[in-house]
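Some notes on the structure that comes next.
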Amino acid sequence: MSAPPPPRGWRRRSSFSWTARVGMVIATAIVLVGLVGPFFAPDGPADTIGAAYGNPSSGHPFGLDYLGRDVLSRFLWGGRTALVMALLATLLGYAIGLSIGLAAAYSRGIFGGLLMRASDVLLAFPGMIFVLLLLSAYGSSITLVIVAVALANAPRIARIVRAAALEVVDLAYVEAARIRGERAWYVTLREILPNIKSPILVDFGVRVTGSILLVASVSFLGFGLQPPSADWGLIVSENRAGMTIQPWSVVPAVAAIGLLTVAINLIIDGYRGSADGIGLAEHVARSR
Amino acid sequence: MSLVPAEARSVSETAVSVSDLRVESLTHGVDIVADVSFDVAKGEALGVVGESGCGKTTMAMALLGYARPGTRIAEGRVQLGDQNLLDARPRGLQDARGRRVSFVPQNPPKALSPGMRVGRQVAEMLAVHGFSEVDDHVRAAFAAAQLPSDAAFLRRYPHQLSGGQQQRVAIAIAFACKPDLIVMDEPTTGLDVITQARLLEVIAELRGGDAAIVYVSHDLGVVRRLADRVIVMYGGSVVEEGSADELFRHPRHPYTRRLLEAIPRVRGRAIRPVGIPGSAVEPWNRPAGCVFADRCDFATDACRAERPRLARTEKGSLVRCSRLAYVDAHARPQAVTLREAREDASVPAAADVRLIVRDLVAGYRGRVGWRGRTQTSLIAVAGVSFELAAGRCLAVVGESGSGKTTLARCIAGLHAPAAGDVLLDGAPLGVTSRERSRDERRGVQMVFQDPDSSLNPSMNVGQIIGRPLRQFHGLRGRAEAARVGELLELVRLPAAFRSRAPRTLSGGEKQRVALARALAAEPRVLVCDEVTSALDVAVQASMLELLDDLRTSLQMSMLFISHDLAVVRTISDAVLVLESGHVREANATEPVFNSPSAPYTRALLDAIPDLRPDDYPAEAVTSRG
């Protein structure tokens, strides 16, 4: 007997609605601009080209900024640091949140309850407030921004991982492992984690993009990267004063950040869950 | 006992006439149901039976002019008097549904609107179809469904009713407008046997009128109790149609014969059911010729090449088989009575006691109320004791909520009992698996109810079976692979299955892999928790055969948890009847069935819809070999 061949015209039902796919396209495009942008920048990020707030011209489609630097070049340079910082912050946040969420789901009882109550305390603070609190207490450095964003994400990640793992932890194959006396690390990493990977991957993507926004906001407020570095958040902050004279000095950076926000929300709203996973849109929404 | 009223048999005016019904799948590009034609007379009940995936639910839905998303009613007629339902425009179809045809679904809690009082749900149906004096009709409908019809009851919400009452409300809705045709899709599935028996009586009494009933079920016992005429479906088409008495006593089609042989019986002689090899054919795998050819003992190349037509036999029934004369002459029942089977298996005398359970008490503690101040506890198992000998099978039976699964979980180490001892080979076992030694854990293994959640979807079969081999026997690499092959062979699966993913397996195959995983530990006691309840009868019979053979060949003790007494009879040496955590009866298997001592056991046995003693393969069972 052989495996049943997939029927004609058979296609697996997608986990994403078309709006979510539009969101993914936008998010991917912006992330790509941030990563490979510097290779296409006509000028260096710190090169002074002409007068402050120079109008758009053929060589400088977005004109010049408050120090007479090319807006397009600074925009193309300005995504990379924020992206790398956001990625590192998310990875660190996952290292913490995934462990807490899995431990809480597997052990439940008092230990699991304690972990989740502790993360609830952190959840009570909006992410931004939490990051600013840490930065104002310990001074501002790139490392601290990463750690602060990671810590802001961790309790939300823990919630989602726990919610997904709870759906799996009572299934018969996990119970069979418990009857065999498998250790906790084996049960969580081999029996539970691989079967909740699809909601977690979706959450990871959304969280990286969310962290970009957080990092950009921190830069805008002056806690992140310091001038003369190019950074989307910083670009908006620096050129704020001349926005009425040369609006193009902030448009690319504002558009990138704004579109990223829209894209994230499209993905979250449009994620329907998959056959092996759990419909997580509501968990994601609740945890934000 | 027959629930078919005598006068119903003589009525012959046609209520509904179905012809050439074909439903196709738009995504797969194949027919799900094809070439289905039948008439149902007024007051007649037509049973539709078949394994899951044979198209019976799709066919039943089509009778209401409905096709699930992704499917389409491609052709056919459903003629109700002067109206062809399949020609009706949406508006006309809406008028006809409820008024002329109605539906009783499988899952009552999902079928009733949770936020609407039950009285209004019936009233709504009447009001939509323009009935006046709705309140009187509602009360009459409730009374007919043998529900209380006082105002307080009508004002209840569905969640305030029991499962059986919910299903009776659904029946009251279906009968409310006195339609010509009522389609019932497995309406008793998921109910306890006693509740089911009560519901069947309600249906039998309600059908005194003119309504024709199409009753879809995989449970042949239920159909035998209720139906005047029966259709057997396989692979999307009708393979046999006949009067219930004729079809159950003298089945003609090879599939019908095998299906009847797969059914375990509660009454009469104990028969060891025989499974059908292979698994039911999926719509996209159906052959050009006879749909049953691949599993048929009599199939020839001609059968595989050309699809046989439904032909009328001399007894007036219809059979779709091109070799009927040959089959009639050569088909012999393969079922054997259990006494013979037992002698064949030569079970050694019960020497050593392997598992002892003494005064086991177990329950669940929960906190309710404001800040969890009120502590409630539920006793699931209230002082159960038994002994299980080497190589023997003890069945634990009871309805849902009787504590049988909790008992199994305590023995397997998944649930900590509140009091009592579990002894394996004379030594007390740790309370939970965490407190057990490696040998103790190895000694007790479990197979679970739901095949779909029994196997880790991210591992392949080889990894799933290999894990306990590594853990308990330290096997690695080639030795592990060889043993996985042996275990697959032991559960009668090809060795090539090792690289298959669980989602590519059928339910029966998944349960075999789960069994192989448990056997890999070489357990002293195997706990089987409702292992066949999610399987079709033919697959169930094969699984029972396999378990019985393995128990004798491996000298393994088995604790077989089940709600299905008929299944229990075919496999166990002794039976423990549980009711709300208490042992009501404990005895060897046959005495429990032939002369039950506890009233509860008798009530359970009486409630089971069974085939009749003279139904196939009754007359030939003793002549084996």
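Identifiers in this document derive from the order of the structure tokens: chains are assigned A, B, ..., residues are numbered from 1 separately in each chain, and ligands are numbered from 1 in order of occurrence.
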Expected answer as an MDAnalysis selection string: alpha helix (DSSP H) residues in region 140-252 of chain A: chainID A and resid 142:169 172:179 184:186 197:220 232:239 251:252
Keeping only C-alpha atoms, write the selected residues to a file as a CSV table (one decimal), in the first residue's frame.
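Final file, part13.csv:
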```csv
chain,number,residue,atom,x,y,z
A,142,ILE,CA,23.1,50.5,21.5
A,143,THR,CA,23.5,47.4,23.6
A,144,LEU,CA,21.1,48.7,26.2
A,145,VAL,CA,18.6,49.6,23.4
A,146,ILE,CA,18.8,46.0,22.2
A,147,VAL,CA,18.4,44.5,25.7
A,148,ALA,CA,15.6,46.9,26.6
A,149,VAL,CA,13.6,46.0,23.4
A,150,ALA,CA,14.3,42.3,24.0
A,151,LEU,CA,13.0,42.6,27.6
A,152,ALA,CA,9.9,44.5,26.3
A,153,ASN,CA,9.2,41.7,23.9
A,154,ALA,CA,9.9,38.7,26.1
A,155,PRO,CA,6.7,38.6,28.2
A,156,ARG,CA,4.6,38.9,25.0
A,157,ILE,CA,6.5,36.1,23.4
A,158,ALA,CA,6.1,34.0,26.5
A,159,ARG,CA,2.3,34.5,26.4
A,160,ILE,CA,2.1,33.4,22.8
A,161,VAL,CA,4.4,30.4,23.2
A,162,ARG,CA,2.5,29.2,26.3
A,163,ALA,CA,-0.9,29.6,24.6
A,164,ALA,CA,0.3,27.6,21.6
A,165,ALA,CA,2.0,24.9,23.7
A,166,LEU,CA,-1.0,24.4,26.0
A,167,GLU,CA,-2.9,23.2,22.9
A,168,VAL,CA,-0.4,20.5,22.4
A,169,VAL,CA,0.7,19.6,25.9
A,172,ALA,CA,-1.8,11.7,23.4
A,173,TYR,CA,1.7,11.7,21.9
A,174,VAL,CA,2.9,14.0,24.7
A,175,GLU,CA,1.3,11.8,27.3
A,176,ALA,CA,2.9,8.8,25.7
A,177,ALA,CA,6.3,10.5,26.2
A,178,ARG,CA,5.4,11.2,29.9
A,179,ILE,CA,4.5,7.6,30.4
A,184,ALA,CA,11.3,17.8,30.4
A,185,TRP,CA,13.8,19.1,27.8
A,186,TYR,CA,13.0,16.2,25.5
A,197,LYS,CA,6.4,26.2,15.0
A,198,SER,CA,4.1,27.7,12.4
A,199,PRO,CA,2.4,30.2,14.8
A,200,ILE,CA,5.8,31.0,16.4
A,201,LEU,CA,7.3,31.7,13.0
A,202,VAL,CA,4.5,34.1,12.1
A,203,ASP,CA,5.0,35.8,15.5
A,204,PHE,CA,8.7,36.0,15.0
A,205,GLY,CA,8.3,37.9,11.7
A,206,VAL,CA,5.8,40.3,13.1
A,207,ARG,CA,7.9,40.9,16.2
A,208,VAL,CA,11.1,41.7,14.2
A,209,THR,CA,9.2,44.4,12.2
A,210,GLY,CA,7.6,45.6,15.4
A,211,SER,CA,11.0,45.9,17.0
A,212,ILE,CA,12.2,48.0,14.1
A,213,LEU,CA,9.5,50.5,14.9
A,214,LEU,CA,10.5,50.5,18.6
A,215,VAL,CA,14.1,51.1,17.7
A,216,ALA,CA,13.2,53.9,15.3
A,217,SER,CA,11.0,55.5,17.9
A,218,VAL,CA,13.8,55.4,20.5
A,219,SER,CA,16.1,57.0,18.0
A,220,PHE,CA,13.5,59.6,17.2
A,232,TRP,CA,15.1,56.5,10.0
A,233,GLY,CA,14.0,57.6,13.4
A,234,LEU,CA,16.8,60.1,13.8
A,235,ILE,CA,16.2,61.5,10.3
A,236,VAL,CA,12.6,62.4,11.1
A,237,SER,CA,13.7,63.9,14.4
A,238,GLU,CA,16.5,66.0,12.9
A,239,ASN,CA,14.5,67.4,10.0
A,251,VAL,CA,8.8,61.7,3.6
A,252,PRO,CA,10.9,58.6,2.8
```
Write down, as a ChimeraX atom specification, each residue of chain B that has any atom within 8 Å of an atom of chain A, counting only C-alpha atoms. /B:27-29,284-285,412-414,433-434,438,441-442,445-446,448,450,453-458,468,504-505
For Leu554 (chain B), list every protein, DNA or RNA residue within 12 Å, evaluated using only C-alpha atoms, and leave out those in the same chain fewer than 6 positions away; present the list as a ChimeraX atom specification. /B:347,390-392,490,519,522-526,546-548
With N, CA and C atoms retained, export the selected residues as a compact mmCIF listing (two decimals), in the first residue's frame.
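Below is the file result30.txt, written as the result:
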```txt
# COMPACT_ATOMS: atom_id res chain seq x y z
N VAL B 347 -4.79 -20.50 25.30
CA VAL B 347 -4.33 -19.63 26.37
C VAL B 347 -3.89 -20.49 27.55
N ALA B 390 -1.13 -12.87 34.04
CA ALA B 390 -0.28 -12.81 32.87
C ALA B 390 -1.03 -13.33 31.64
N GLY B 391 -0.92 -12.63 30.54
CA GLY B 391 -1.51 -13.08 29.29
C GLY B 391 -3.02 -12.98 29.23
N ARG B 392 -3.64 -12.33 30.21
CA ARG B 392 -5.09 -12.21 30.21
C ARG B 392 -5.52 -10.78 29.86
N LEU B 490 5.15 -6.91 13.27
CA LEU B 490 4.32 -7.43 14.36
C LEU B 490 2.91 -6.83 14.32
N LEU B 519 4.52 -1.37 22.21
CA LEU B 519 5.13 -2.70 22.28
C LEU B 519 6.65 -2.62 22.28
N GLU B 522 8.35 -3.37 25.31
CA GLU B 522 8.10 -4.72 25.81
C GLU B 522 7.42 -4.67 27.17
N PRO B 523 6.18 -4.12 27.19
CA PRO B 523 5.51 -3.92 28.47
C PRO B 523 4.99 -5.22 29.07
N ARG B 524 4.83 -5.23 30.39
CA ARG B 524 4.19 -6.35 31.08
C ARG B 524 2.68 -6.18 31.01
N VAL B 525 2.23 -4.94 31.07
CA VAL B 525 0.80 -4.65 31.01
C VAL B 525 0.57 -3.58 29.95
N LEU B 526 -0.37 -3.83 29.06
CA LEU B 526 -0.71 -2.85 28.05
C LEU B 526 -2.10 -2.28 28.37
N LEU B 546 -5.74 -8.30 15.89
CA LEU B 546 -4.32 -8.08 16.11
C LEU B 546 -4.01 -8.05 17.60
N LEU B 547 -4.80 -7.32 18.37
CA LEU B 547 -4.55 -7.21 19.81
C LEU B 547 -4.66 -8.57 20.47
N ASP B 548 -5.67 -9.35 20.05
CA ASP B 548 -5.88 -10.66 20.65
C ASP B 548 -4.71 -11.59 20.35
```
Nearest-residue call for Arg467 (chain B), choices B:Arg409, B:Glu13, B:Leu181, B:Ala481, using only C-alpha atoms: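 Using only C-alpha atoms, Arg467 (chain B) sits closest to B:Ala481.
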Correct to one decimal, the distance CA of Leu220 (chain B)-CA of Asp615 (chain B) is 11.5 Å
With only C-alpha atoms as the basis for distance, which of B:Ala331, B:Met556, B:Val539, B:Cys410 is at the shortest distance from Asp352 (chain B)?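 That would be B:Met556, the residue with the smallest distance to Asp352 (chain B).
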Please report the interatomic distance between CA of Gln555 (chain B) and CA of Cys393 (chain B) in Å with one decimal. 10.4 Å
CA of Gly164 (chain B) and CA of Val134 (chain B) are how many Å apart?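 So the two atoms, CA of Gly164 (chain B) and CA of Val134 (chain B), lie 24.3 Å apart.
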Best match for closeness to Glu387 (chain B) among B:Leu576, B:Leu475, B:Ala262, B:Ala362, counting only C-alpha atoms: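 Once distances to Glu387 (chain B) are computed over only C-alpha atoms, the minimum belongs to B:Leu576.
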Selection near Val101 (chain B), 9 Å with only C-alpha atoms, sequence-local residues under 2 positions removed, as a list in words: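 So, after excluding close chain neighbours, the residues are Leu63, Leu64, Leu80, Ala96, Arg97, Gly98, Arg99, Phe103, Ala174, Lys178, Pro179, Asp180, Leu181, Ile182 and Val183 of chain B.
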Find the residue from A:Phe40, A:Phe223, A:Trp18, A:Tyr53 that sits nearest to Gly242 (chain A); use only C-alpha atoms when measuring.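 Among the listed residues, A:Tyr53 lies closest to Gly242 (chain A).
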Quick one: everything within 7 Å of Gly462 (chain B), counting only C-alpha atoms, minus sequence neighbours fewer than 6 positions away in the same chain. Send it as number ranges by chain. B: 484, 498-499
Here is a test: counting only C-alpha atoms, which residue of B:Gln94, B:Ser25, B:Thr313, B:Ser279 is nearest to Ser506 (chain B)?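 Of B:Gln94, B:Ser25, B:Thr313, B:Ser279, the one nearest Ser506 (chain B) is B:Ser279, counting only C-alpha atoms.
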Return the single residue from B:His415, B:Asp549, B:Leu310, B:Ser557 that is closest to Leu388 (chain B), with distances computed using only C-alpha atoms.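 For Leu388 (chain B), the nearest of the given residues is B:Ser557.
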